[in-house]
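J.: One file is attached below, my_file_14.csv, containing CSV, C-alpha atoms.
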```csv
chain,number,residue,atom,x,y,z
A,1,MET,CA,106.4,116.9,123.9
A,2,LYS,CA,105.0,118.0,127.2
A,3,ARG,CA,101.7,119.7,127.5
A,4,LEU,CA,101.2,122.6,129.9
A,5,LEU,CA,98.4,124.0,132.1
A,6,PHE,CA,98.9,127.7,132.7
A,7,ILE,CA,96.6,128.2,135.7
A,8,ASP,CA,95.5,131.6,137.1
A,9,ARG,CA,95.3,132.0,140.8
A,10,ASP,CA,92.8,134.6,142.0
A,11,GLY,CA,89.3,133.9,140.7
A,12,THR,CA,90.4,130.4,139.5
A,13,LEU,CA,91.9,128.6,142.5
A,14,ILE,CA,90.6,131.0,145.1
A,15,LYS,CA,87.7,133.4,145.0
A,16,GLU,CA,88.6,137.0,144.3
A,17,PRO,CA,87.3,139.7,146.7
A,18,ALA,CA,85.8,143.0,145.6
A,19,ASP,CA,89.1,144.8,146.1
A,20,GLU,CA,90.9,142.1,144.0
A,21,GLN,CA,93.6,141.7,146.7
A,22,ILE,CA,94.0,138.6,148.8
A,23,ASP,CA,96.0,140.1,151.7
A,24,SER,CA,94.5,138.4,154.7
A,25,PHE,CA,93.2,135.0,155.7
A,26,ASP,CA,89.8,136.5,156.2
A,27,LYS,CA,89.5,136.9,152.4
A,28,LEU,CA,90.6,133.4,151.5
A,29,GLU,CA,88.1,131.1,150.1
A,30,PHE,CA,88.8,128.3,147.5
A,31,VAL,CA,86.7,128.0,144.3
A,32,GLU,CA,84.1,125.3,144.5
A,33,GLY,CA,85.3,122.0,142.9
A,34,VAL,CA,88.9,122.9,142.6
A,35,PHE,CA,90.3,120.3,145.0
A,36,ARG,CA,88.6,117.3,143.6
A,37,ASN,CA,88.9,118.1,140.0
A,38,LEU,CA,92.3,119.7,139.8
A,39,GLY,CA,93.6,116.9,142.0
A,40,PHE,CA,92.1,114.4,139.5
A,41,ILE,CA,93.8,116.2,136.6
A,42,ARG,CA,97.2,116.2,138.4
A,43,LYS,CA,96.8,112.5,139.3
A,44,ASN,CA,95.6,111.1,136.0
A,45,LEU,CA,97.1,113.4,133.3
A,46,ASP,CA,100.6,114.4,132.4
A,47,PHE,CA,100.3,118.2,132.2
A,48,VAL,CA,103.0,120.5,133.5
A,49,PHE,CA,101.4,122.8,136.0
A,50,VAL,CA,102.4,126.5,135.8
A,51,MET,CA,100.7,129.1,138.0
A,52,VAL,CA,100.6,132.5,136.3
A,53,SER,CA,99.3,135.3,138.4
A,54,ASN,CA,99.1,139.1,138.2
A,55,GLN,CA,99.5,140.6,141.7
A,56,ASP,CA,99.2,144.4,141.2
A,57,GLY,CA,101.9,146.3,142.9
A,58,LEU,CA,103.2,143.4,145.1
A,59,GLY,CA,106.0,144.8,147.2
A,60,THR,CA,104.8,148.4,147.2
A,61,ASP,CA,103.0,150.3,150.0
A,62,SER,CA,99.6,149.4,148.5
A,63,PHE,CA,100.4,145.6,148.7
A,64,PRO,CA,103.2,144.8,151.2
A,65,GLU,CA,104.9,141.5,150.7
A,66,GLU,CA,104.3,140.5,154.4
A,67,THR,CA,100.5,140.5,153.7
A,68,PHE,CA,100.8,138.3,150.6
A,69,TRP,CA,103.2,135.5,151.3
A,70,PRO,CA,101.6,133.9,154.4
A,71,VAL,CA,98.3,133.5,152.6
A,72,HIS,CA,99.9,132.4,149.3
A,73,ASN,CA,102.1,129.8,151.0
A,74,PHE,CA,99.0,128.5,152.9
A,75,ILE,CA,97.2,128.2,149.5
A,76,LEU,CA,100.1,126.1,148.1
A,77,LYS,CA,100.3,124.0,151.3
A,78,THR,CA,96.5,123.3,151.2
A,79,LEU,CA,96.6,122.4,147.5
A,80,LYS,CA,99.6,120.1,148.1
A,81,GLY,CA,97.6,118.3,150.8
A,82,GLU,CA,95.1,117.5,148.0
A,83,GLY,CA,97.7,116.2,145.7
A,84,ILE,CA,98.0,119.4,143.7
A,85,GLU,CA,101.6,120.8,143.2
A,86,PHE,CA,102.8,123.3,140.7
A,87,ASP,CA,106.0,122.7,138.6
A,88,ASN,CA,106.5,126.5,138.3
A,89,ILE,CA,105.0,129.6,139.9
A,90,LEU,CA,105.2,132.9,138.0
A,91,ILE,CA,103.9,136.1,139.6
A,92,ASP,CA,104.0,139.5,137.9
A,93,ARG,CA,104.0,142.5,140.2
A,94,HIS,CA,103.3,145.3,137.7
A,95,PHE,CA,100.3,147.6,137.7
A,96,PRO,CA,98.1,147.6,134.7
A,97,GLU,CA,99.2,151.1,133.7
A,98,ASP,CA,102.8,149.9,133.5
A,99,ASN,CA,101.9,148.0,130.3
A,100,HIS,CA,104.8,145.6,131.1
A,101,PRO,CA,105.2,142.6,128.8
A,102,CYS,CA,105.4,140.2,131.8
A,103,ARG,CA,101.9,141.1,132.9
A,104,LYS,CA,99.1,138.9,131.6
A,105,PRO,CA,98.0,138.7,128.8
A,106,GLY,CA,101.6,139.5,127.9
A,107,THR,CA,103.9,136.5,127.6
A,108,GLY,CA,107.1,138.0,129.1
A,109,MET,CA,107.1,135.6,132.1
A,110,LEU,CA,106.6,132.5,129.8
A,111,THR,CA,109.5,132.8,127.3
A,112,GLN,CA,111.0,129.5,128.5
A,113,TYR,CA,107.9,127.7,127.1
A,114,ILE,CA,107.7,129.6,123.8
A,115,ASP,CA,109.5,128.2,120.7
A,116,ASN,CA,110.8,125.4,122.9
A,117,PRO,CA,110.6,121.9,121.2
A,118,GLU,CA,110.2,120.3,124.6
A,119,TYR,CA,106.6,121.7,124.9
A,120,ASP,CA,103.4,121.3,122.9
A,121,LEU,CA,101.7,124.7,123.2
A,122,ALA,CA,99.0,123.8,120.7
A,123,GLY,CA,98.0,121.0,123.0
A,124,SER,CA,98.2,123.2,126.2
A,125,TYR,CA,95.6,125.2,128.0
A,126,VAL,CA,95.2,128.4,130.0
A,127,ILE,CA,92.7,128.0,132.8
A,128,GLY,CA,91.4,131.3,134.2
A,129,ASP,CA,88.4,133.4,134.9
A,130,ARG,CA,88.9,136.5,132.7
A,131,GLU,CA,89.2,137.7,129.1
A,132,THR,CA,92.9,138.4,129.8
A,133,ASP,CA,93.4,134.7,130.4
A,134,ALA,CA,91.7,133.9,127.1
A,135,GLN,CA,93.9,136.5,125.4
A,136,LEU,CA,97.0,135.0,127.0
A,137,ALA,CA,96.0,131.6,125.5
A,138,ARG,CA,95.7,133.3,122.1
A,139,ASN,CA,99.1,135.0,122.5
A,140,LEU,CA,100.7,131.7,123.4
A,141,GLY,CA,99.0,129.7,120.7
A,142,CYS,CA,97.2,127.4,123.0
A,143,LYS,CA,93.6,126.8,124.1
A,144,SER,CA,91.7,128.4,127.0
A,145,LEU,CA,89.1,127.2,129.6
A,146,ILE,CA,87.5,130.2,131.3
A,147,LEU,CA,85.5,129.6,134.5
A,148,GLY,CA,82.0,131.0,134.4
A,149,LYS,CA,82.0,131.4,130.6
A,150,ASP,CA,79.3,129.3,128.9
A,151,GLY,CA,78.8,127.5,132.2
A,152,MET,CA,82.4,126.4,132.5
A,153,THR,CA,83.1,124.8,136.0
A,154,TRP,CA,86.0,122.8,137.4
A,155,GLU,CA,83.9,119.7,136.9
A,156,LYS,CA,83.6,120.5,133.2
A,157,ILE,CA,87.3,121.4,132.9
A,158,ALA,CA,88.3,118.0,134.4
A,159,GLU,CA,85.9,116.2,132.1
A,160,LEU,CA,87.2,118.0,128.9
A,161,LEU,CA,90.8,117.5,129.8
A,162,PHE,CA,90.5,113.9,130.7
A,163,ALA,CA,87.9,112.6,128.3
A,164,GLY,CA,88.3,115.1,125.5
A,165,GLU,CA,85.9,117.3,123.5
A,166,ARG,CA,83.0,115.7,121.8
A,167,ILE,CA,82.7,117.6,118.5
A,168,ALA,CA,81.9,116.2,115.1
A,169,GLU,CA,81.3,117.7,111.7
A,170,ILE,CA,80.0,115.8,108.7
A,171,THR,CA,79.2,116.9,105.2
A,172,ARG,CA,77.0,114.6,102.9
A,173,THR,CA,76.4,115.5,99.3
A,174,THR,CA,74.1,113.6,97.0
A,175,LYS,CA,72.3,114.5,93.8
A,176,GLU,CA,69.3,115.6,96.0
A,177,THR,CA,70.9,117.3,99.0
A,178,ASP,CA,74.1,119.0,100.2
A,179,ILE,CA,74.1,118.9,104.0
A,180,THR,CA,76.7,119.9,106.7
A,181,VAL,CA,76.1,119.3,110.3
A,182,ARG,CA,78.5,120.4,113.1
A,183,LEU,CA,77.7,119.2,116.7
A,184,ASN,CA,79.3,119.8,120.1
A,185,LEU,CA,77.7,117.5,122.6
A,186,ASP,CA,79.2,119.5,125.5
A,187,GLY,CA,78.1,122.9,124.3
A,188,THR,CA,75.6,125.5,125.7
A,189,GLY,CA,72.7,125.2,123.2
A,190,LYS,CA,74.0,127.6,120.6
A,191,CYS,CA,72.2,127.0,117.3
A,192,ASP,CA,72.8,128.2,113.7
A,193,ILE,CA,70.3,126.3,111.5
A,194,GLU,CA,69.2,126.8,107.9
A,195,THR,CA,67.4,124.0,106.0
A,196,GLY,CA,65.0,126.1,103.9
A,197,LEU,CA,62.1,124.8,106.0
A,198,GLY,CA,61.2,127.2,108.7
A,199,PHE,CA,59.3,124.8,111.0
A,200,PHE,CA,62.0,122.1,110.6
A,201,ASP,CA,64.6,124.7,111.6
A,202,HIS,CA,62.5,125.5,114.7
A,203,MET,CA,62.4,121.8,115.6
A,204,LEU,CA,66.1,121.2,115.1
A,205,GLU,CA,66.7,124.2,117.3
A,206,GLN,CA,64.8,122.4,120.1
A,207,ILE,CA,67.4,119.6,119.9
A,208,GLY,CA,70.3,122.0,120.4
A,209,ARG,CA,68.7,124.3,123.0
A,210,HIS,CA,67.2,121.6,125.2
A,211,GLY,CA,70.0,119.1,124.7
A,212,MET,CA,72.6,121.8,125.6
A,213,MET,CA,74.4,121.0,122.4
A,214,ASP,CA,75.9,123.5,120.0
A,215,LEU,CA,74.3,122.7,116.6
A,216,TYR,CA,75.1,124.0,113.2
A,217,VAL,CA,73.1,122.8,110.2
A,218,ARG,CA,73.1,123.8,106.6
A,219,CYS,CA,70.9,122.0,104.1
A,220,HIS,CA,70.5,122.8,100.5
A,221,GLY,CA,68.0,120.3,99.1
A,222,ASP,CA,65.7,119.8,96.2
A,223,LEU,CA,62.7,121.6,97.8
A,224,HIS,CA,61.4,122.3,94.3
A,225,VAL,CA,60.6,118.6,94.3
A,226,ASP,CA,59.4,118.2,97.9
A,227,GLU,CA,60.6,118.3,101.5
A,228,HIS,CA,61.3,114.6,101.8
A,229,HIS,CA,65.0,114.4,100.9
A,230,SER,CA,66.0,117.5,102.9
A,231,ILE,CA,64.3,116.2,106.1
A,232,GLU,CA,65.4,112.6,105.8
A,233,ASP,CA,69.0,113.3,104.8
A,234,THR,CA,69.4,115.9,107.6
A,235,GLY,CA,68.3,113.2,110.0
A,236,ILE,CA,71.0,110.8,108.6
A,237,VAL,CA,73.8,113.4,108.9
A,238,LEU,CA,72.7,114.5,112.4
A,239,GLY,CA,72.7,110.8,113.5
A,240,GLU,CA,76.1,110.3,112.0
A,241,CYS,CA,77.4,113.3,113.9
A,242,ILE,CA,76.0,112.1,117.2
A,243,LEU,CA,77.6,108.7,116.7
A,244,LYS,CA,81.0,110.3,115.8
A,245,ALA,CA,80.9,112.7,118.7
A,246,LEU,CA,80.1,110.0,121.2
A,247,GLY,CA,83.4,108.3,120.4
A,248,ASP,CA,84.0,105.1,122.4
A,249,LYS,CA,81.0,106.0,124.8
A,250,ARG,CA,83.1,105.5,127.9
A,251,GLY,CA,81.5,107.1,131.0
A,252,ILE,CA,78.2,108.0,129.4
A,253,GLU,CA,74.9,107.4,131.2
A,254,ARG,CA,73.8,105.7,128.0
A,255,TYR,CA,70.0,105.8,128.7
A,256,GLY,CA,67.8,108.7,128.8
A,257,TYR,CA,62.6,111.7,129.3
A,258,SER,CA,59.2,112.6,129.2
A,259,LEU,CA,57.6,116.0,129.4
A,260,PRO,CA,54.2,117.6,129.1
A,261,MET,CA,53.6,120.5,126.8
A,262,ASP,CA,50.2,122.1,127.4
A,263,ASP,CA,47.6,119.5,126.3
A,264,CYS,CA,50.3,116.9,125.2
A,265,LEU,CA,52.4,114.3,126.9
A,266,CYS,CA,55.5,113.3,125.0
A,267,GLN,CA,57.7,110.4,126.1
A,268,VAL,CA,61.1,109.6,124.6
A,269,ALA,CA,63.3,106.8,125.8
A,270,LEU,CA,66.6,106.0,124.2
A,271,ASP,CA,69.6,103.8,124.4
A,272,PHE,CA,73.0,104.4,122.8
A,273,GLY,CA,73.6,100.7,122.9
A,274,GLY,CA,74.7,100.3,119.3
A,275,ARG,CA,71.5,98.6,118.1
A,276,PRO,CA,69.3,100.9,116.1
A,277,TRP,CA,65.5,100.5,116.5
A,278,LEU,CA,62.6,102.9,116.4
A,279,ILE,CA,59.2,102.5,118.1
A,280,TRP,CA,56.9,105.3,116.9
A,281,ASP,CA,53.6,105.8,118.7
A,282,ALA,CA,52.4,109.2,117.5
A,283,GLU,CA,49.5,110.1,115.2
A,284,PHE,CA,49.0,113.4,113.4
A,285,HIS,CA,45.7,114.5,111.9
A,286,ARG,CA,47.0,117.4,109.8
A,287,GLU,CA,48.9,117.0,106.6
A,288,LYS,CA,51.5,119.6,107.5
A,289,VAL,CA,52.7,121.7,110.5
A,290,GLY,CA,54.2,124.8,109.0
A,291,GLU,CA,55.6,123.7,105.7
A,292,MET,CA,56.7,120.3,107.1
A,293,PRO,CA,54.7,117.2,106.2
A,294,THR,CA,53.7,115.4,109.4
A,295,GLU,CA,54.5,112.0,107.7
A,296,MET,CA,58.1,113.1,107.7
A,297,PHE,CA,58.4,113.2,111.5
A,298,HIS,CA,58.7,109.4,111.6
A,299,HIS,CA,61.2,109.4,108.7
A,300,PHE,CA,63.4,112.0,110.4
A,301,PHE,CA,63.6,110.0,113.7
A,302,LYS,CA,64.1,106.7,111.9
A,303,SER,CA,67.0,108.3,110.0
A,304,VAL,CA,68.6,109.6,113.2
A,305,SER,CA,68.1,106.3,115.0
A,306,ASP,CA,69.7,104.3,112.2
A,307,ALA,CA,72.6,106.6,111.7
A,308,SER,CA,73.5,107.0,115.4
A,309,LYS,CA,72.8,103.3,116.2
A,310,MET,CA,70.3,104.5,118.8
A,311,ASN,CA,67.4,102.5,120.2
A,312,LEU,CA,64.6,105.1,120.2
A,313,ASN,CA,61.1,104.8,121.6
A,314,ILE,CA,58.7,107.7,121.0
A,315,LYS,CA,55.2,108.2,122.2
A,316,ALA,CA,53.0,111.3,122.1
A,317,GLU,CA,49.4,112.0,123.0
A,318,GLY,CA,47.4,115.2,122.8
A,319,GLU,CA,45.2,117.4,120.6
A,320,ASN,CA,47.4,120.2,119.3
A,321,GLU,CA,49.6,118.9,116.5
A,322,HIS,CA,52.2,121.7,116.9
A,323,HIS,CA,52.5,121.1,120.6
A,324,LYS,CA,52.7,117.4,120.1
A,325,ILE,CA,55.7,117.4,117.7
A,326,GLU,CA,57.5,120.2,119.5
A,327,GLY,CA,57.1,118.2,122.7
A,328,ILE,CA,58.6,115.2,121.0
A,329,PHE,CA,61.6,117.2,119.8
A,330,LYS,CA,62.1,118.7,123.3
A,331,ALA,CA,61.8,115.3,125.0
A,332,PHE,CA,64.2,113.8,122.5
A,333,ALA,CA,66.7,116.6,123.2
A,334,ARG,CA,66.4,116.1,127.0
A,335,SER,CA,66.9,112.3,126.6
A,336,ILE,CA,70.1,112.9,124.6
A,337,ARG,CA,71.3,115.4,127.2
A,338,MET,CA,70.7,112.8,130.0
A,339,ALA,CA,72.2,109.9,128.1
A,340,VAL,CA,75.5,111.6,126.9
A,341,LYS,CA,76.3,112.9,130.3
A,342,ARG,CA,79.8,111.6,131.3
A,343,ASP,CA,81.2,110.5,134.7
A,344,ILE,CA,85.0,110.6,134.5
A,345,TYR,CA,85.2,109.2,138.0
A,346,HIS,CA,83.5,106.0,136.7
A,347,TYR,CA,85.0,106.0,133.3
A,348,GLN,CA,84.0,102.7,131.8
A,349,LEU,CA,81.6,101.4,129.2
A,350,PRO,CA,78.1,101.1,130.5
A,351,SER,CA,77.7,97.6,129.4
A,352,THR,CA,78.4,94.1,130.7
A,353,LYS,CA,79.5,93.1,127.2
A,354,GLY,CA,82.5,95.4,127.3
A,355,ALA,CA,81.5,96.9,124.0
A,356,LEU,CA,78.7,99.2,122.6
```
Just give me the structure of the file as structure tokens.
T.:
Amino acid sequence: MKRLLFIDRDGTLIKEPADEQIDSFDKLEFVEGVFRNLGFIRKNLDFVFVMVSNQDGLGTDSFPEETFWPVHNFILKTLKGEGIEFDNILIDRHFPEDNHPCRKPGTGMLTQYIDNPEYDLAGSYVIGDRETDAQLARNLGCKSLILGKDGMTWEKIAELLFAGERIAEITRTTKETDITVRLNLDGTGKCDIETGLGFFDHMLEQIGRHGMMDLYVRCHGDLHVDEHHSIEDTGIVLGECILKALGDKRGIERYGYSLPMDDCLCQVALDFGGRPWLIWDAEFHREKVGEMPTEMFHHFFKSVSDASKMNLNIKAEGENEHHKIEGIFKAFARSIRMAVKRDIYHYQLPSTKGAL
């Protein structure tokens, strides 16, 4: 079945002026990144391109056709020069107050693609810049990519469409713990974490926020015994999620950061090369930080390293124990963020061996 890209025009391909009407060449400006990235999508993927645009009152005195078509045709000609052609162009002329079913987010213009076995709507996308575009996607039963929402850019759109989402969820249940971790490597830093250990939650949140990963963690452990199983097993499941989300690792930077935090200097270097190893050079002189035993910091990172097949080198120096461990978690997050960054224009394994 064919997959479709339903692509908005104003605000998505070209910038939308304050009066929301592109009726002169003076108002025409293309959105940053659209040529390179939409051209890449057109060249390398097999989506059917459908432009879907609301043009309020086109053909009326408020928006004469003679002011619309010259600019519109120039847009199409310019895009074609960059290898971007549309298989269908659908323009609705109604005003919002008309409540016409053909006006987005209505699907009246798109009936040829609905309940048609030739098309895979579930595998299709609406690309736009407004909530109406997201609603159109929901109405069609497909996904949406909304420019400006959660940092979405044309670069990110091309990456997600070409290389896919990097989302993983793993649940691990033993006699000691019941843990679920859900991870989106290409998220925005949204975190929802509950382990029963407040300071541990705070540290895990550093990984999500500073790594720009969406991270969900639920841990129900035998805290009536001690904290050991909950912390170590969470590290195992987090590492497994990272490994699963990375997939075949094509296009990633692979390596990744050091940062100061007040009196402390924390250095974390890592390699997603498939050979787990941990070098730990950090000493703590308190038994606990919050309710988390300091001896468990090493156990946590060893678990993550082993489960994700990550070579991990951690060093920290300083006086304040809280700052030291928080700096380690933040540097670890930044290292991951650097190492998992993908380059779809050089989409190959970062290894001379041809395997990671």
J.: One decimal, Å: what's the distance from CA of Arg254 (chain A) over to CA of Phe162 (chain A), could you say?
T.: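 CA of Phe162 (chain A) lies 18.8 Å from CA of Arg254 (chain A).
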J.: Counting all atoms listed in the file, figure out which residue out of A:Asp192, A:Glu29, A:Glu169, A:Glu291 gets nearest to Cys241 (chain A).
T.: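 Looking only at the distances to Cys241 (chain A), the closest residue turns out to be A:Glu169.
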J.: May I ask for the distance between CA of Ile157 (chain A) and CA of Ser335 (chain A), given in Å to one decimal place?
T.: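 Separation of CA of Ile157 (chain A) and CA of Ser335 (chain A): 23.2 Å.
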J.: Which one is closest to Lys249 (chain A): A:Ile41, A:Ala339, A:Val52, A:Val34? Count all atoms listed in the file.
T.: A:Ala339
J.: Near Glu118 (chain A), within 10 Å and counting only C-alpha atoms, which residues show up once chain neighbours fewer than 3 positions away are dropped, as a CSV table (one decimal) with C-alpha atoms, in the frame of the given file?
T.:
```
chain,number,residue,atom,x,y,z
A,1,MET,CA,106.4,116.9,123.9
A,2,LYS,CA,105.0,118.0,127.2
A,3,ARG,CA,101.7,119.7,127.5
A,113,TYR,CA,107.9,127.7,127.1
A,114,ILE,CA,107.7,129.6,123.8
A,115,ASP,CA,109.5,128.2,120.7
A,121,LEU,CA,101.7,124.7,123.2
```
J.: Grab the CA of Leu223 (chain A) to CA of Val304 (chain A) distance for me, in Å with one decimal place.
T.: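 According to the coordinates, CA of Leu223 (chain A) and CA of Val304 (chain A) are separated by 20.4 Å.
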J.: Contacts of Pro260 (chain A) at 12 Å or less, counting all atoms listed in the file, minus same-chain residues fewer than 3 places along, as a list of chain:residue names?
T.: A:Tyr257, A:Asp263, A:Cys264, A:Leu265, A:Cys266, A:Gln267, A:Val268, A:Lys315, A:Ala316, A:Glu317, A:Gly318, A:His323, A:Lys324, A:Ile325, A:Glu326, A:Gly327, A:Ile328, A:Phe329, A:Lys330, A:Ala331
J.: What lies within 10 Å of Glu159 (chain A) using all atoms listed in the file, ignoring chain neighbours under 4 positions off, as a short mmCIF file (atom, residue, chain, number, x, y, z; two decimals) with C-alpha atoms, in the frame of the given file?
T.:
```cif
data_model
loop_
_atom_site.label_atom_id
_atom_site.label_comp_id
_atom_site.auth_asym_id
_atom_site.auth_seq_id
_atom_site.Cartn_x
_atom_site.Cartn_y
_atom_site.Cartn_z
CA ASN A 37 88.90 118.10 140.00
CA PHE A 40 92.10 114.40 139.50
CA ILE A 41 93.80 116.20 136.60
CA THR A 153 83.10 124.80 136.00
CA TRP A 154 86.00 122.80 137.40
CA GLU A 155 83.90 119.70 136.90
CA ALA A 163 87.90 112.60 128.30
CA GLY A 164 88.30 115.10 125.50
CA GLU A 165 85.90 117.30 123.50
CA ASP A 186 79.20 119.50 125.50
CA ARG A 342 79.80 111.60 131.30
CA ASP A 343 81.20 110.50 134.70
CA ILE A 344 85.00 110.60 134.50
CA TYR A 345 85.20 109.20 138.00
#
```
J.: Rank A:Arg337, A:Asn44, A:Ile314, A:Glu97 by their smallest atom-to-atom distance to Leu185 (chain A), using all atoms listed in the file, and report the top residue only.
T.: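 Once distances to Leu185 (chain A) are computed over all atoms listed in the file, the minimum belongs to A:Arg337.
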J.: Would you pick out the contacts of Ala122 (chain A) at 9 Å or less, using all atoms listed in the file, so that residues sharing its chain but fewer than 4 positions from it are not included, and give the list as a CSV table (one decimal) with C-alpha atoms, in the coordinates of the input?
T.:
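So the final result, stored in out_16.csv, reads:
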```csv
chain,number,residue,atom,x,y,z
A,3,ARG,CA,101.7,119.7,127.5
A,140,LEU,CA,100.7,131.7,123.4
A,141,GLY,CA,99.0,129.7,120.7
A,142,CYS,CA,97.2,127.4,123.0
A,143,LYS,CA,93.6,126.8,124.1
```
J.: Which is closest to Ile170 (chain A) among A:Asp233, A:Asp271, A:Asp262, A:Glu66, if we use only C-alpha atoms?
T.: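 Selected residue with least distance to Ile170 (chain A): A:Asp233.
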J.: With only C-alpha atoms as the basis for distance, which of A:Phe300, A:Leu215, A:Gly251, A:Ile279 is at the shortest distance from Pro350 (chain A)?
T.: A:Gly251
J.: Just checking: using only C-alpha atoms, which residue out of A:Gln21, A:Ala158, A:Pro101, A:Ile231 ends up closest to Leu45 (chain A)?
T.: A:Ala158
J.: Identify the residues around (48.8, 118.7, 109.3) within a radius of 12 Å, measuring from only C-alpha atoms in the coordinates stated by the file, and give them as a compact mmCIF listing (two decimals) with C-alpha atoms, in the coordinates of the input.
T.:
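Below is the file result-v1.txt, written as the result:
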```txt
# COMPACT_ATOMS: atom_id res chain seq x y z
CA GLU A 283 49.50 110.10 115.20
CA PHE A 284 49.00 113.40 113.40
CA HIS A 285 45.70 114.50 111.90
CA ARG A 286 47.00 117.40 109.80
CA GLU A 287 48.90 117.00 106.60
CA LYS A 288 51.50 119.60 107.50
CA VAL A 289 52.70 121.70 110.50
CA GLY A 290 54.20 124.80 109.00
CA GLU A 291 55.60 123.70 105.70
CA MET A 292 56.70 120.30 107.10
CA PRO A 293 54.70 117.20 106.20
CA THR A 294 53.70 115.40 109.40
CA GLU A 295 54.50 112.00 107.70
CA MET A 296 58.10 113.10 107.70
CA PHE A 297 58.40 113.20 111.50
CA GLU A 319 45.20 117.40 120.60
CA ASN A 320 47.40 120.20 119.30
CA GLU A 321 49.60 118.90 116.50
CA HIS A 322 52.20 121.70 116.90
CA LYS A 324 52.70 117.40 120.10
CA ILE A 325 55.70 117.40 117.70
```
J.: Write out as a compact mmCIF listing (two decimals) with C-alpha atoms, keeping the file's coordinate frame the residues lying within 9 Å of Ile127 (chain A), counting all atoms listed in the file and excluding same-chain residues fewer than 2 positions away.
T.:
```
# COMPACT_ATOMS: atom_id res chain seq x y z
CA LEU A 5 98.40 124.00 132.10
CA PHE A 6 98.90 127.70 132.70
CA ILE A 7 96.60 128.20 135.70
CA ASP A 8 95.50 131.60 137.10
CA THR A 12 90.40 130.40 139.50
CA TYR A 125 95.60 125.20 128.00
CA ASP A 129 88.40 133.40 134.90
CA ASP A 133 93.40 134.70 130.40
CA ALA A 134 91.70 133.90 127.10
CA ALA A 137 96.00 131.60 125.50
CA LYS A 143 93.60 126.80 124.10
CA SER A 144 91.70 128.40 127.00
CA LEU A 145 89.10 127.20 129.60
CA ILE A 146 87.50 130.20 131.30
CA LEU A 147 85.50 129.60 134.50
CA ILE A 157 87.30 121.40 132.90
```
